[in-house]
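Okay, structure first, notes after.
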Amino acid sequence: METPPAQSEPRLGGSYTFAGTSLRVKRVGYGAMQLAGPGVYGPPKDPEEAVAVLREAVASGVDHIDTSDFYGPHITNQLIRRALHPYPSGLVIVSKLGARRPPDGSWKPAITPEELTSGVQDNLRNLGLEALDIVNYRSMGSGHGPDERPIGEQVSVLADLKRKGLIRHIGVSNVTAAQLAEARSITPIVCVQNYYNVAQRQDDALVADLEAQGIAYVPFFPLGGFTPLQSTTLSAVAQRLGASRMQVALAWLLQRSPNILLIPGTSSLAHLRENLGSCRLVLPREELEALDGIAAEAGPAAH
Ligand SMILES: NC(=O)c1ccc[n+]([C@@H]2O[C@H](COP(=O)([O-])OP(=O)(O)OC[C@H]3O[C@@H](n4cnc5c(N)ncnc54)[C@H](OP(=O)(O)O)[C@@H]3O)[C@@H](O)[C@H]2O)c1
């Protein structure tokens with residue numbers, strides 16, 4: 001891979017404060033899901049590299065880690081604790097609730113008040129924390145996309161756990177604008193975590209709405225997730241700029257909207273370094289226009 005263009009952006013994309021909170025993070029963070037074993041189940045092939053990735057991320061300035069106790073299950077949070085506890089001040093760990101992992105490795109909803117409460121306790125125990133900075137209620141929806149089922153009952157449980165001091169702030173994940181509005185009628189919502197990247201633009205309008213409302217938008221699968229992004233346009237832009245495809249995909253998100261925070265996932269030190277380097281890449285207007293064509297290139301399935 002060639003060296004990206006010279007640095008002209010602040011470190012890790014600059015900082016962002018979650019509205020109504022004292023939590024301030026760099027815009028380039030880290031998603032820990034890839035640290036579990038295959039299929040996000042069981043231990044990683046190389047636990048030492050997993051620990052090294054977490055330590056290097058934080059040593060490089062990352063102060064926003066996205067996780068869940070259903071990754072592994074429990075294993076990813078235990079790795080975070082092993083690698084980073086006692087946590088440096090200012091590190092924001094964001095977790096999510098709403099699913100469980102039976103022994104067959106499948107994903108099942110865990111949305112009763114009892115399951116949500118024990119999910120918070122599992123996160124606290126495995127991370128070694130007394131309170132969780134932010135918890136996203138992750139609606140199961142239709143897999144990686146939302147449905148329109150109400151989420152008020154579950155968000156109310158999280159609001160209650162917040163009143164009890166176990167959660168500091170609440171977000172939602174895999175939701176529609178209507179579900180977000182429902183959640184906001186119950187409690188302040190500081191972030192939305194949905195499927196979005198340069199080829200998956202179905203949330204374009206929501207990103208803009210959230211920017212206007214001062215709410216962070218944290219795309220999951222920023223690099224395409226289980227099927228990393230492939231596009232001739234992405235490759236061509238990367239080649240012209242002397243960067244990698246993944247750096248271009250992340251730089252596109254950083255330039256897309258100032259309320260977007262990145263949580264790219266990797267189990268590899270080399271990929272971590274590459275991904276953190278995305279903040280040094282500035283995409284000129286003509287390249288942004290070319291990248292805007294990728295969703296169309298990918299076809300209607302991308303929307
Ligand atoms: N709320 C939700 O429903 C939800 C759903 C999914 C994920 N998430 C969160 O979002 C985070 C990001 O999503 P994700 O990790 O699933 O997907 P992602 O960040 O889009 O992509 C991760 C995949 O890309 C590969 N990769 C990473 N950097 C690379 C690079 N520089 N070059 C080539 N390949 C690279 C990774 O493999 P290597 O390990 O080999 O690098 C992995 O296969 C997760 O870690 C998790 O915290 C949330």
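All residue names refer to the structure tokens as shown: chains lettered A, B, ... in order, residues numbered from 1 in each chain, ligands numbered from 1 in order.
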>> Distance limit 7 Å, reference ligand 1, atoms considered: only C-alpha atoms and all ligand atoms. Which residues make the cut? Give them as a PyMOL selection string.
In response: chain A and resi 30-34+66-67+138+144+173-174+193-194+219-228+246-247+263-268+271-272+274-275
Mind dumping the selected residues with N, CA and C atoms as a tab-separated table (two decimals), in the first residue's frame?
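selection.tsv, written as the output of this step:
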chain	number	residue	atom	x	y	z
A	30	TYR	N	-12.98	2.67	17.28
A	30	TYR	CA	-12.67	1.27	16.96
A	30	TYR	C	-13.86	0.39	17.34
A	31	GLY	N	-14.24	-0.53	16.45
A	31	GLY	CA	-15.31	-1.49	16.73
A	31	GLY	C	-14.70	-2.84	17.06
A	32	ALA	N	-15.11	-3.41	18.19
A	32	ALA	CA	-14.41	-4.59	18.73
A	32	ALA	C	-15.01	-5.92	18.29
A	33	MET	N	-16.05	-5.90	17.47
A	33	MET	CA	-16.74	-7.15	17.14
A	33	MET	C	-15.83	-8.19	16.50
A	34	GLN	N	-14.86	-7.72	15.70
A	34	GLN	CA	-14.00	-8.67	14.97
A	34	GLN	C	-13.05	-9.42	15.90
A	66	ASP	N	-16.45	0.51	20.48
A	66	ASP	CA	-17.81	-0.05	20.40
A	66	ASP	C	-17.73	-1.55	20.65
A	67	THR	N	-18.64	-2.06	21.48
A	67	THR	CA	-18.60	-3.48	21.82
A	67	THR	C	-19.99	-3.97	22.15
A	138	ARG	N	-30.35	-2.24	20.56
A	138	ARG	CA	-30.21	-2.73	19.18
A	138	ARG	C	-31.47	-3.52	18.84
A	144	HIS	N	-29.82	-7.00	9.37
A	144	HIS	CA	-28.98	-5.80	9.32
A	144	HIS	C	-29.78	-4.56	8.94
A	173	SER	N	-30.02	1.45	17.88
A	173	SER	CA	-29.32	0.86	16.74
A	173	SER	C	-30.29	0.05	15.89
A	174	ASN	N	-30.04	0.11	14.57
A	174	ASN	CA	-30.87	-0.61	13.60
A	174	ASN	C	-32.31	-0.12	13.66
A	193	GLN	N	-26.90	4.00	15.74
A	193	GLN	CA	-25.93	3.12	15.08
A	193	GLN	C	-26.67	2.25	14.07
A	194	ASN	N	-26.52	2.58	12.80
A	194	ASN	CA	-27.22	1.87	11.72
A	194	ASN	C	-26.22	1.44	10.65
A	219	PRO	N	-22.02	4.66	11.92
A	219	PRO	CA	-22.36	3.58	11.00
A	219	PRO	C	-21.73	2.26	11.38
A	220	PHE	N	-22.56	1.20	11.42
A	220	PHE	CA	-21.92	-0.13	11.51
A	220	PHE	C	-21.70	-0.66	10.11
A	221	PHE	N	-20.76	-1.60	9.99
A	221	PHE	CA	-20.27	-2.08	8.69
A	221	PHE	C	-19.74	-0.92	7.83
A	222	PRO	N	-18.91	-0.02	8.40
A	222	PRO	CA	-18.40	1.11	7.60
A	222	PRO	C	-17.53	0.64	6.43
A	223	LEU	N	-16.98	-0.59	6.58
A	223	LEU	CA	-16.13	-1.14	5.50
A	223	LEU	C	-16.86	-2.26	4.75
A	224	GLY	N	-18.14	-2.41	5.02
A	224	GLY	CA	-18.90	-3.47	4.35
A	224	GLY	C	-19.14	-4.67	5.24
A	225	GLY	N	-18.52	-4.71	6.42
A	225	GLY	CA	-18.80	-5.78	7.39
A	225	GLY	C	-18.28	-7.12	6.92
A	226	PHE	N	-19.16	-8.13	6.96
A	226	PHE	CA	-18.75	-9.50	6.65
A	226	PHE	C	-18.35	-9.64	5.17
A	227	THR	N	-18.79	-8.70	4.34
A	227	THR	CA	-18.40	-8.72	2.92
A	227	THR	C	-17.72	-7.39	2.63
A	228	PRO	N	-16.42	-7.26	2.94
A	228	PRO	CA	-15.77	-5.95	2.79
A	228	PRO	C	-16.00	-5.35	1.39
A	246	MET	N	-10.01	0.86	1.72
A	246	MET	CA	-10.65	1.02	3.03
A	246	MET	C	-10.44	2.42	3.59
A	247	GLN	N	-9.25	2.98	3.33
A	247	GLN	CA	-9.01	4.36	3.79
A	247	GLN	C	-9.95	5.33	3.07
A	263	ILE	N	-16.33	3.52	13.64
A	263	ILE	CA	-15.95	2.38	14.50
A	263	ILE	C	-15.55	1.20	13.61
A	264	PRO	N	-14.58	1.39	12.70
A	264	PRO	CA	-14.19	0.26	11.85
A	264	PRO	C	-13.68	-0.90	12.71
A	265	GLY	N	-14.00	-2.11	12.27
A	265	GLY	CA	-13.60	-3.29	13.05
A	265	GLY	C	-12.47	-4.01	12.37
A	266	THR	N	-11.53	-4.48	13.17
A	266	THR	CA	-10.46	-5.33	12.63
A	266	THR	C	-9.84	-6.15	13.75
A	267	SER	N	-9.32	-7.31	13.36
A	267	SER	CA	-8.59	-8.14	14.31
A	267	SER	C	-7.09	-8.06	14.01
A	268	SER	N	-6.72	-7.15	13.10
A	268	SER	CA	-5.33	-7.13	12.61
A	268	SER	C	-4.67	-5.79	12.90
A	271	HIS	N	-4.24	-3.75	9.67
A	271	HIS	CA	-5.48	-3.08	9.24
A	271	HIS	C	-5.83	-1.93	10.17
A	272	LEU	N	-5.59	-2.13	11.47
A	272	LEU	CA	-5.86	-1.03	12.42
A	272	LEU	C	-5.07	0.21	12.00
A	274	GLU	N	-3.80	0.98	9.16
A	274	GLU	CA	-4.31	1.51	7.89
A	274	GLU	C	-5.59	2.31	8.13
A	275	ASN	N	-6.49	1.75	8.94
A	275	ASN	CA	-7.78	2.42	9.16
A	275	ASN	C	-7.61	3.75	9.90
>> Taking the DSSP secondary structure from the backbone, can you list the residues of segment 66-302 of chain A that are alpha helix (DSSP H), as number ranges by chain?
In response: A: 75-84, 113-127, 152-163, 177-184, 204-213, 232-241, 245-256, 269-276, 285-292, 294-298
Per residue of segment 102-189 of chain A within 12 Å of segment 207-214 of chain A, record the nearest atom pair and its distance in Å to one decimal, counting only C-alpha atoms, with rows in chain order and ascending residue number, as a tab-separated table.
residue	atom	partner	partner_atom	distance
A:Thr176	CA	A:Val207	CA	11.4
A:Ala177	CA	A:Asp209	CA	9.1
A:Leu180	CA	A:Leu210	CA	10.1
A:Ala181	CA	A:Leu210	CA	11.1
A:Arg184	CA	A:Gln213	CA	11.3
A:Pro188	CA	A:Gly214	CA	11.4
A:Ile189	CA	A:Gly214	CA	10.1
Next, write the just-selected residues to a file, as a short mmCIF file (atom, residue, chain, number, x, y, z; two decimals), in the first residue's frame, keeping C-alpha atoms as the atom set.
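Everything below was put into again27.cif:
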data_model
loop_
_atom_site.label_atom_id
_atom_site.label_comp_id
_atom_site.auth_asym_id
_atom_site.auth_seq_id
_atom_site.Cartn_x
_atom_site.Cartn_y
_atom_site.Cartn_z
CA THR A 176 -35.99 3.92 11.54
CA ALA A 177 -36.65 7.63 12.01
CA LEU A 180 -35.87 7.07 16.94
CA ALA A 181 -38.69 9.56 17.55
CA ARG A 184 -36.67 10.26 22.07
CA PRO A 188 -32.61 11.60 25.50
CA ILE A 189 -30.87 9.64 22.73
#
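Atom CA of Pro109 of chain A is found 6.4 Å from atom CA of Met140 of chain A.
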> Which neighbours of segment 76-87 of chain A fall inside 8 Å, counting only C-alpha atoms, when residues of the same chain fewer than 2 positions from it are skipped, and could you give them as an MDAnalysis selection string?
Replying inline: chainID A and resid 32:33 35:36 47 50:52 54:55 67:69 71:74 89 91 123 126:128
For the selection just defined, write its residues with N, CA and C atoms to a file, as a PDB file, in the first residue's frame.
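For reference, out29.pdb as written:
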ATOM      1  N   ALA A  32     -15.108  -3.414  18.195  1.00  0.00           N
ATOM      2  CA  ALA A  32     -14.410  -4.591  18.732  1.00  0.00           C
ATOM      3  C   ALA A  32     -15.008  -5.922  18.294  1.00  0.00           C
ATOM      4  N   MET A  33     -16.049  -5.898  17.469  1.00  0.00           N
ATOM      5  CA  MET A  33     -16.741  -7.147  17.142  1.00  0.00           C
ATOM      6  C   MET A  33     -15.832  -8.193  16.498  1.00  0.00           C
ATOM      7  N   LEU A  35     -13.012  -9.044  17.177  1.00  0.00           N
ATOM      8  CA  LEU A  35     -12.069  -9.699  18.092  1.00  0.00           C
ATOM      9  C   LEU A  35     -12.559 -11.065  18.571  1.00  0.00           C
ATOM     10  N   ALA A  36     -13.834 -11.370  18.383  1.00  0.00           N
ATOM     11  CA  ALA A  36     -14.321 -12.707  18.759  1.00  0.00           C
ATOM     12  C   ALA A  36     -13.933 -13.694  17.659  1.00  0.00           C
ATOM     13  N   PRO A  47      -5.577 -14.616  20.548  1.00  0.00           N
ATOM     14  CA  PRO A  47      -5.963 -13.660  21.596  1.00  0.00           C
ATOM     15  C   PRO A  47      -4.888 -12.607  21.865  1.00  0.00           C
ATOM     16  N   ALA A  50      -5.353  -9.875  19.488  1.00  0.00           N
ATOM     17  CA  ALA A  50      -6.554  -9.107  19.858  1.00  0.00           C
ATOM     18  C   ALA A  50      -6.214  -8.089  20.942  1.00  0.00           C
ATOM     19  N   VAL A  51      -5.477  -8.528  21.947  1.00  0.00           N
ATOM     20  CA  VAL A  51      -5.073  -7.622  23.025  1.00  0.00           C
ATOM     21  C   VAL A  51      -4.164  -6.529  22.464  1.00  0.00           C
ATOM     22  N   ALA A  52      -3.255  -6.912  21.565  1.00  0.00           N
ATOM     23  CA  ALA A  52      -2.325  -5.929  20.982  1.00  0.00           C
ATOM     24  C   ALA A  52      -3.081  -4.890  20.153  1.00  0.00           C
ATOM     25  N   LEU A  54      -6.182  -3.831  20.610  1.00  0.00           N
ATOM     26  CA  LEU A  54      -6.860  -2.909  21.537  1.00  0.00           C
ATOM     27  C   LEU A  54      -5.856  -1.925  22.148  1.00  0.00           C
ATOM     28  N   ARG A  55      -4.704  -2.445  22.573  1.00  0.00           N
ATOM     29  CA  ARG A  55      -3.724  -1.557  23.224  1.00  0.00           C
ATOM     30  C   ARG A  55      -3.169  -0.547  22.227  1.00  0.00           C
ATOM     31  N   THR A  67     -18.637  -2.062  21.481  1.00  0.00           N
ATOM     32  CA  THR A  67     -18.597  -3.476  21.823  1.00  0.00           C
ATOM     33  C   THR A  67     -19.994  -3.965  22.148  1.00  0.00           C
ATOM     34  N   SER A  68     -20.075  -5.241  22.549  1.00  0.00           N
ATOM     35  CA  SER A  68     -21.290  -5.798  23.126  1.00  0.00           C
ATOM     36  C   SER A  68     -20.921  -7.066  23.872  1.00  0.00           C
ATOM     37  N   ASP A  69     -21.701  -7.365  24.891  1.00  0.00           N
ATOM     38  CA  ASP A  69     -21.440  -8.622  25.598  1.00  0.00           C
ATOM     39  C   ASP A  69     -21.932  -9.829  24.796  1.00  0.00           C
ATOM     40  N   TYR A  71     -20.958 -10.321  21.787  1.00  0.00           N
ATOM     41  CA  TYR A  71     -19.857 -10.711  20.902  1.00  0.00           C
ATOM     42  C   TYR A  71     -19.036 -11.767  21.645  1.00  0.00           C
ATOM     43  N   GLY A  72     -19.097 -12.972  21.147  1.00  0.00           N
ATOM     44  CA  GLY A  72     -18.333 -14.058  21.780  1.00  0.00           C
ATOM     45  C   GLY A  72     -19.180 -15.221  22.257  1.00  0.00           C
ATOM     46  N   PRO A  73     -20.229 -15.116  23.065  1.00  0.00           N
ATOM     47  CA  PRO A  73     -20.576 -13.979  23.923  1.00  0.00           C
ATOM     48  C   PRO A  73     -19.544 -13.816  25.049  1.00  0.00           C
ATOM     49  N   HIS A  74     -19.506 -12.642  25.627  1.00  0.00           N
ATOM     50  CA  HIS A  74     -18.672 -12.253  26.771  1.00  0.00           C
ATOM     51  C   HIS A  74     -17.195 -12.044  26.399  1.00  0.00           C
ATOM     52  N   SER A  89      -8.452   7.561  31.586  1.00  0.00           N
ATOM     53  CA  SER A  89      -9.559   8.512  31.704  1.00  0.00           C
ATOM     54  C   SER A  89      -9.888   9.052  30.302  1.00  0.00           C
ATOM     55  N   LEU A  91     -11.619   7.363  28.082  1.00  0.00           N
ATOM     56  CA  LEU A  91     -11.999   6.282  27.158  1.00  0.00           C
ATOM     57  C   LEU A  91     -13.503   6.034  27.283  1.00  0.00           C
ATOM     58  N   ASN A 123     -22.473  -6.922  31.011  1.00  0.00           N
ATOM     59  CA  ASN A 123     -21.505  -5.954  30.474  1.00  0.00           C
ATOM     60  C   ASN A 123     -20.645  -5.356  31.590  1.00  0.00           C
ATOM     61  N   ASN A 126     -18.168  -8.086  32.909  1.00  0.00           N
ATOM     62  CA  ASN A 126     -17.109  -8.491  31.978  1.00  0.00           C
ATOM     63  C   ASN A 126     -16.179  -7.343  31.608  1.00  0.00           C
ATOM     64  N   LEU A 127     -16.697  -6.116  31.632  1.00  0.00           N
ATOM     65  CA  LEU A 127     -15.839  -4.964  31.333  1.00  0.00           C
ATOM     66  C   LEU A 127     -15.146  -4.436  32.600  1.00  0.00           C
ATOM     67  N   GLY A 128     -15.642  -4.836  33.777  1.00  0.00           N
ATOM     68  CA  GLY A 128     -15.059  -4.335  35.011  1.00  0.00           C
ATOM     69  C   GLY A 128     -15.408  -2.877  35.257  1.00  0.00           C
TER      70      GLY A 128
END
